[in-house]
Each structure stands twice: as structure tokens, then as C-alpha cells.
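What follows is the content of data_7.cif, which has mmCIF, C-alpha atoms:
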```cif
data_protein
loop_
_atom_site.label_atom_id
_atom_site.label_comp_id
_atom_site.auth_asym_id
_atom_site.auth_seq_id
_atom_site.Cartn_x
_atom_site.Cartn_y
_atom_site.Cartn_z
CA MET A 686 -18.40 -21.16 -18.91
CA PRO A 687 -17.32 -19.30 -15.76
CA ARG A 688 -16.70 -21.32 -12.65
CA VAL A 689 -19.85 -21.50 -10.56
CA GLY A 690 -19.67 -19.07 -7.68
CA LEU A 691 -16.64 -17.19 -9.01
CA THR A 692 -17.04 -13.42 -8.60
CA GLY A 693 -15.09 -10.36 -9.58
CA ASP A 694 -13.99 -10.03 -5.95
CA ASP A 695 -12.69 -13.62 -6.05
CA VAL A 696 -10.69 -12.83 -9.18
CA VAL A 697 -9.18 -9.69 -7.62
CA ALA A 698 -8.38 -11.51 -4.36
CA ALA A 699 -6.65 -14.29 -6.29
CA ALA A 700 -4.70 -11.71 -8.30
CA ALA A 701 -3.65 -10.00 -5.05
CA GLY A 702 -2.34 -13.27 -3.65
CA LEU A 703 -0.54 -14.02 -6.89
CA ALA A 704 0.98 -10.53 -6.98
CA ASP A 705 2.33 -10.98 -3.46
CA GLU A 706 3.88 -14.31 -4.43
CA ILE A 707 5.41 -13.53 -7.84
CA GLY A 708 5.33 -9.73 -8.09
CA PHE A 709 2.70 -7.38 -9.46
CA GLY A 710 4.34 -7.07 -12.87
CA ALA A 711 4.38 -10.84 -13.38
CA VAL A 712 0.63 -11.31 -12.95
CA THR A 713 -1.02 -12.30 -16.22
CA MET A 714 -4.54 -13.35 -17.08
CA GLY A 715 -3.20 -16.81 -17.96
CA LEU A 716 -1.47 -17.32 -14.61
CA LEU A 717 -4.52 -16.02 -12.80
CA ALA A 718 -6.81 -18.37 -14.71
CA ASP A 719 -4.54 -21.29 -13.78
CA ARG A 720 -4.68 -20.21 -10.14
CA LEU A 721 -8.47 -20.15 -10.24
CA GLY A 722 -8.85 -23.35 -12.24
CA VAL A 723 -10.57 -21.69 -15.18
CA ARG A 724 -9.67 -20.88 -18.76
CA PRO A 725 -8.42 -17.32 -19.40
CA PRO A 726 -11.53 -16.26 -21.39
CA SER A 727 -13.65 -17.05 -18.32
CA LEU A 728 -11.97 -14.25 -16.42
CA TYR A 729 -13.44 -11.68 -18.81
CA LYS A 730 -16.88 -12.44 -17.37
CA HIS A 731 -15.59 -10.87 -14.14
CA VAL A 732 -13.01 -8.25 -15.15
CA GLY A 733 -12.62 -6.17 -18.27
CA GLY A 734 -9.05 -7.26 -18.96
CA LEU A 735 -5.62 -6.90 -17.42
CA ALA A 736 -5.82 -3.10 -17.03
CA ASP A 737 -9.17 -3.39 -15.24
CA LEU A 738 -7.80 -6.16 -13.03
CA GLN A 739 -4.74 -4.05 -12.15
CA HIS A 740 -6.94 -1.08 -11.29
CA ARG A 741 -9.18 -3.19 -9.09
CA LEU A 742 -6.13 -4.69 -7.41
CA ALA A 743 -4.75 -1.20 -6.75
CA THR A 744 -8.11 -0.24 -5.24
CA LEU A 745 -8.13 -3.31 -2.99
CA ALA A 746 -4.57 -2.64 -1.86
CA MET A 747 -5.13 1.07 -1.24
CA THR A 748 -8.26 0.26 0.75
CA GLU A 749 -6.40 -2.31 2.87
CA PHE A 750 -3.44 0.04 3.30
CA GLY A 751 -5.71 2.84 4.47
CA GLU A 752 -7.52 0.60 6.94
CA VAL A 753 -4.23 -0.60 8.42
CA ILE A 754 -2.99 2.95 8.95
CA ARG A 755 -6.35 4.22 10.25
CA ASP A 756 -6.63 1.41 12.76
CA ALA A 757 -3.03 1.84 13.92
CA VAL A 758 -3.34 5.54 14.74
CA GLN A 759 -6.70 5.45 16.53
CA GLY A 760 -6.37 7.17 19.91
CA LYS A 761 -2.73 8.17 19.37
CA ALA A 762 -1.05 11.53 18.85
CA GLY A 763 2.37 12.96 18.15
CA LEU A 764 5.29 10.57 18.04
CA ASP A 765 3.09 7.66 19.10
CA ALA A 766 0.75 8.24 16.13
CA LEU A 767 3.66 8.73 13.72
CA ALA A 768 5.37 5.54 14.90
CA ALA A 769 2.11 3.58 14.74
CA ALA A 770 1.31 4.77 11.21
CA LEU A 771 4.79 4.09 9.87
CA THR A 772 5.07 0.72 11.60
CA ALA A 773 1.68 -0.41 10.30
CA ALA A 774 2.48 0.79 6.79
CA ARG A 775 5.87 -0.96 6.86
CA ALA A 776 4.23 -4.19 7.98
CA TYR A 777 1.69 -3.98 5.17
CA VAL A 778 4.27 -3.30 2.47
CA THR A 779 6.60 -6.07 3.58
CA ALA A 780 3.77 -8.60 3.99
CA ARG A 781 1.94 -7.58 0.78
CA PRO A 782 4.61 -6.27 -1.59
CA GLY A 783 2.81 -7.23 -4.81
CA ARG A 784 -0.45 -5.58 -3.97
CA TYR A 785 1.32 -2.53 -2.56
CA THR A 786 3.22 -2.22 -5.84
CA ALA A 787 -0.14 -2.13 -7.63
CA THR A 788 -0.85 1.21 -5.95
CA ILE A 789 2.30 2.91 -7.27
CA GLY A 790 1.39 5.10 -10.18
CA ALA A 791 -2.17 3.77 -10.40
CA GLU A 792 -4.24 6.50 -12.01
CA PHE A 793 -7.74 7.56 -11.05
CA THR A 794 -10.47 7.16 -13.64
CA GLY A 795 -12.59 10.03 -12.36
CA PRO A 796 -14.18 11.58 -9.29
CA ASP A 797 -16.26 8.47 -8.55
CA ASP A 798 -13.31 6.07 -8.76
CA PRO A 799 -13.08 3.91 -5.60
CA LEU A 800 -9.27 4.11 -5.91
CA LEU A 801 -9.49 7.89 -5.48
CA ALA A 802 -11.67 7.46 -2.39
CA ALA A 803 -9.27 4.88 -0.92
CA GLY A 804 -6.24 7.05 -1.65
CA THR A 805 -7.94 10.04 -0.08
CA ARG A 806 -8.54 8.04 3.09
CA VAL A 807 -4.82 7.16 3.26
CA ILE A 808 -3.82 10.80 2.81
CA ASN A 809 -6.37 11.93 5.39
CA SER A 810 -5.04 9.47 7.97
CA ILE A 811 -1.48 10.63 7.43
CA ALA A 812 -2.57 14.27 7.53
CA ALA A 813 -4.38 13.65 10.83
CA VAL A 814 -1.12 12.37 12.31
CA LEU A 815 0.79 15.36 10.98
CA ARG A 816 -1.69 17.99 12.18
CA GLY A 817 -0.34 17.44 15.67
CA TYR A 818 2.97 18.86 14.49
CA GLY A 819 1.41 22.20 13.47
CA ILE A 820 2.63 22.11 9.88
CA GLU A 821 -0.58 22.95 8.02
CA ASP A 822 1.21 25.15 5.46
CA GLU A 823 3.70 22.38 4.69
CA MET A 824 1.30 19.43 4.80
CA ASP A 825 1.75 18.34 1.17
CA HIS A 826 5.53 18.37 1.53
CA ALA A 827 5.43 16.44 4.79
CA ILE A 828 3.07 13.79 3.38
CA ARG A 829 5.29 13.32 0.32
CA THR A 830 8.42 13.12 2.46
CA ILE A 831 6.88 10.50 4.72
CA ARG A 832 5.59 8.51 1.76
CA CYS A 833 8.96 8.57 0.00
CA THR A 834 10.88 7.65 3.14
CA LEU A 835 8.53 4.84 4.11
CA HIS A 836 8.26 3.55 0.55
CA GLY A 837 12.02 3.40 0.13
CA PHE A 838 12.63 1.67 3.43
CA ALA A 839 9.81 -0.86 3.15
CA MET A 840 10.43 -1.72 -0.51
CA LEU A 841 14.13 -2.22 0.15
CA GLU A 842 13.27 -4.43 3.09
CA ALA A 843 10.67 -6.42 1.11
CA SER A 844 13.21 -7.05 -1.66
CA GLN A 845 15.95 -8.13 0.76
CA GLY A 846 17.82 -4.88 0.21
CA PHE A 847 19.31 -4.73 3.71
CA GLN A 848 22.01 -7.36 3.59
CA TRP A 849 24.49 -6.10 6.11
CA SER A 850 24.72 -6.61 9.84
CA ALA A 851 22.81 -3.54 11.06
CA ASP A 852 19.38 -4.47 12.43
CA PRO A 853 16.65 -3.03 10.15
CA ASP A 854 14.31 -2.64 13.14
CA LYS A 855 16.83 -0.36 14.84
CA SER A 856 17.26 1.60 11.61
CA PHE A 857 13.49 1.91 11.29
CA ASP A 858 13.16 3.21 14.85
CA TRP A 859 15.98 5.69 14.16
CA MET A 860 14.16 6.79 10.99
CA ILE A 861 10.96 7.44 12.94
CA GLY A 862 12.88 9.57 15.44
CA PHE A 863 14.58 11.43 12.60
CA ILE A 864 11.24 12.24 10.97
CA ASP A 865 9.74 13.27 14.30
CA ARG A 866 12.61 15.67 14.97
CA GLY A 867 12.32 17.12 11.48
CA LEU A 868 8.59 17.68 11.86
CA ARG A 869 9.13 19.49 15.16
CA HIS A 870 11.73 21.86 13.63
#
```
What's the C-alpha cells form of this structure?
Amino acid sequence: MPRVGLTGDDVVAAAAGLADEIGFGAVTMGLLADRLGVRPPSLYKHVGGLADLQHRLATLAMTEFGEVIRDAVQGKAGLDALAAALTAARAYVTARPGRYTATIGAEFTGPDDPLLAAGTRVINSIAAVLRGYGIEDEMDHAIRTIRCTLHGFAMLEASQGFQWSADPDKSFDWMIGFIDRGLRH
């Protein structure tokens, strides 16, 4: 018998919290059921299994990620927009590393997939920032470069990968300036 009042959204939200605590790859239906105070079979009333749960978690994370970036760049242009987008994305990844990890390599199930819509919103926000640099013909390359650079920095930071004396905030600011200069080429 499913817990009264438990919804699919509750299950995904609990999985997101668990992923941030123990890592996306460590989330199991059993651990999630324990977290929610139900037996594992009860979860299948709300999600179609682990793959469905992971897809829904990726959708939640991509939606949140897109909202964070969109809100950060509102009313900004150029370097200010770039810095705001990267800073907001870094904050999301370091605060929510498990759910961010759910987005990496998550595949779309078709044209009506909410994950596709959420991912498109992220790309559109980044593209809006980059349009100010006049690089329309190189947009795909610029988006990929920014994603790779940000992903590497934020994931290293989230996993305690910067263990020497240099201040990561100063390195991050330097990275933003480096990207800005490269985009202005």
C-alpha cells in the first residue's frame, strides 16, 4: 500500500535530495524507499523503475538549472551576463552535485520529452548570452566550450578537487575573463 499522500513528485524530490547527499550513482530504489518510509514495491506506484526515476530526476535538475541561469542573466548583457550565467551555474552544480550529475548523458525519449524542453531552455539562455558576442556562426562551438569549462571547474570544486592554496573564486573569476576575451577574439 503506497503511503497516503505520496506522489511521483515527492518520490523524485526525495531522490534528488538523496542524490545530492550520496551521489547520483548510489541512489537505489531500496535507499529511496527507506528515505520515504515505504517498502520498495510501493515506489512502483509512482515511478516505472530506476530508469524512469533517473530520467525524471534529470528532468527536474535540468529544469532547475535552466531557471537558475535564466533568472541570473535577466537584464544583463556581455561580460555581466556571461559572469552571471557561469556564477549561477557554478553555484547550482556545487550545491546540487547529485542532481546535476543526473543530467549528464541523460537521453531524450522523444520530441515531447520534458527533459528535451528543459535542456532546450538551458541552451537558449546560454545562446542569448553569447549572441552579444556576435558569434552566430560559431554558436554550437561556444556553447560546448562554455559547458565543458564550467562542468570541469564546478565538478572539480564539488568533489574537493582544488586542494592547493590558490583561491578557487579568484581562479573562477580569471576563467570568466579568459572566456570573455576568447569570445571577443
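Applied to the file shown here, the PyMOL selection byres ((chain A and resi 712) around 10) selects Ala700, Ala701, Gly702, Leu703, Ala704, Asp705, Glu706, Ile707, Gly708, Phe709, Gly710, Ala711, Thr713, Met714, Gly715, Leu716, Leu717, Leu735, Leu738, Gln739 and Gly783 of chain A.
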Fill in the blank from the handout: Taken to one decimal, the CA of Asp865 in chain A-CA of Gly819 in chain A distance is 12.2 Å
Practice task
I need the residue set behind the PyMOL selection byres ((chain A and resi 843) around 10) for this file; please write it as a VMD selection string.
Solution key: chain A and resid 775 to 776 778 to 783 837 to 842 844 to 847
Problem - Nearest to Ile864 in chain A by atom-to-atom distance, counting all atoms listed in the file, from A:Ser850, A:Thr744, A:Thr805, A:Thr834 - result: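 Of A:Ser850, A:Thr744, A:Thr805, A:Thr834, the one nearest Ile864 in chain A, counting all atoms listed in the file, is A:Thr834.
Comparing the minimum interatomic distances between Arg832 in chain A and each of A:Ile811, A:Gly722, A:Ala762, A:Leu728, counting only C-alpha atoms, we find that A:Ile811 sits nearest.
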Practice task
Given the file shown, determine the residues that the PyMOL selection byres ((chain A and resi 868) around 12) selects; report them as a VMD selection string.
Solution key: chain A and resid 763 to 764 767 814 to 821 823 to 824 826 to 828 830 to 831 861 to 867 869 to 870
Practice task
Have a look at CA of Trp849 in chain A and CA of Ala770 in chain A and let me know their distance in Å, one decimal.
Solution key: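 We find that CA of Trp849 in chain A and CA of Ala770 in chain A lie 26.1 Å from each other.
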Problem - Å distance separating CA of Met860 in chain A from CA of Asp825 in chain A, one decimal place - result: 19.6 Å
Kindly compute an axis-aligned box around the listed atoms of range 768-776 of chain A, allowing 8 Å on each side, and express its centre and edge lengths in Å to one decimal as lines of an AutoDock Vina configuration file.
```
center_x = 3.6
center_y = 0.7
center_z = 10.8
size_x = 20.6
size_y = 25.7
size_z = 24.1
```
Residue completion, range 761-776 of chain A, N, CA and C atoms, as a compact mmCIF listing (two decimals), keeping the file's coordinate frame:
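Dumped everything to out-v2.txt:
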```txt
# COMPACT_ATOMS: atom_id res chain seq x y z
N LYS A 761 -4.14 7.79 19.16
CA LYS A 761 -2.73 8.17 19.37
C LYS A 761 -2.49 9.57 18.83
N ALA A 762 -1.43 10.20 19.32
CA ALA A 762 -1.05 11.53 18.85
C ALA A 762 0.46 11.65 18.86
N GLY A 763 0.94 12.64 18.15
CA GLY A 763 2.37 12.96 18.15
C GLY A 763 3.23 11.81 17.68
N LEU A 764 4.34 11.62 18.39
CA LEU A 764 5.29 10.57 18.04
C LEU A 764 4.64 9.19 18.07
N ASP A 765 3.75 8.96 19.02
CA ASP A 765 3.09 7.66 19.10
C ASP A 765 2.27 7.38 17.84
N ALA A 766 1.55 8.39 17.34
CA ALA A 766 0.75 8.24 16.13
C ALA A 766 1.66 8.06 14.92
N LEU A 767 2.72 8.84 14.84
CA LEU A 767 3.66 8.73 13.72
C LEU A 767 4.28 7.34 13.69
N ALA A 768 4.75 6.87 14.83
CA ALA A 768 5.37 5.54 14.90
C ALA A 768 4.36 4.45 14.55
N ALA A 769 3.14 4.58 15.03
CA ALA A 769 2.11 3.58 14.74
C ALA A 769 1.78 3.54 13.26
N ALA A 770 1.63 4.71 12.64
CA ALA A 770 1.31 4.77 11.21
C ALA A 770 2.44 4.18 10.37
N LEU A 771 3.65 4.58 10.66
CA LEU A 771 4.79 4.09 9.87
C LEU A 771 5.02 2.60 10.09
N THR A 772 4.87 2.14 11.30
CA THR A 772 5.07 0.72 11.60
C THR A 772 4.00 -0.12 10.92
N ALA A 773 2.76 0.33 10.96
CA ALA A 773 1.68 -0.41 10.30
C ALA A 773 1.87 -0.42 8.78
N ALA A 774 2.26 0.72 8.23
CA ALA A 774 2.48 0.79 6.79
C ALA A 774 3.65 -0.11 6.38
N ARG A 775 4.72 -0.09 7.14
CA ARG A 775 5.87 -0.96 6.86
C ARG A 775 5.45 -2.42 6.88
N ALA A 776 4.68 -2.80 7.88
CA ALA A 776 4.23 -4.19 7.98
C ALA A 776 3.39 -4.58 6.78
```
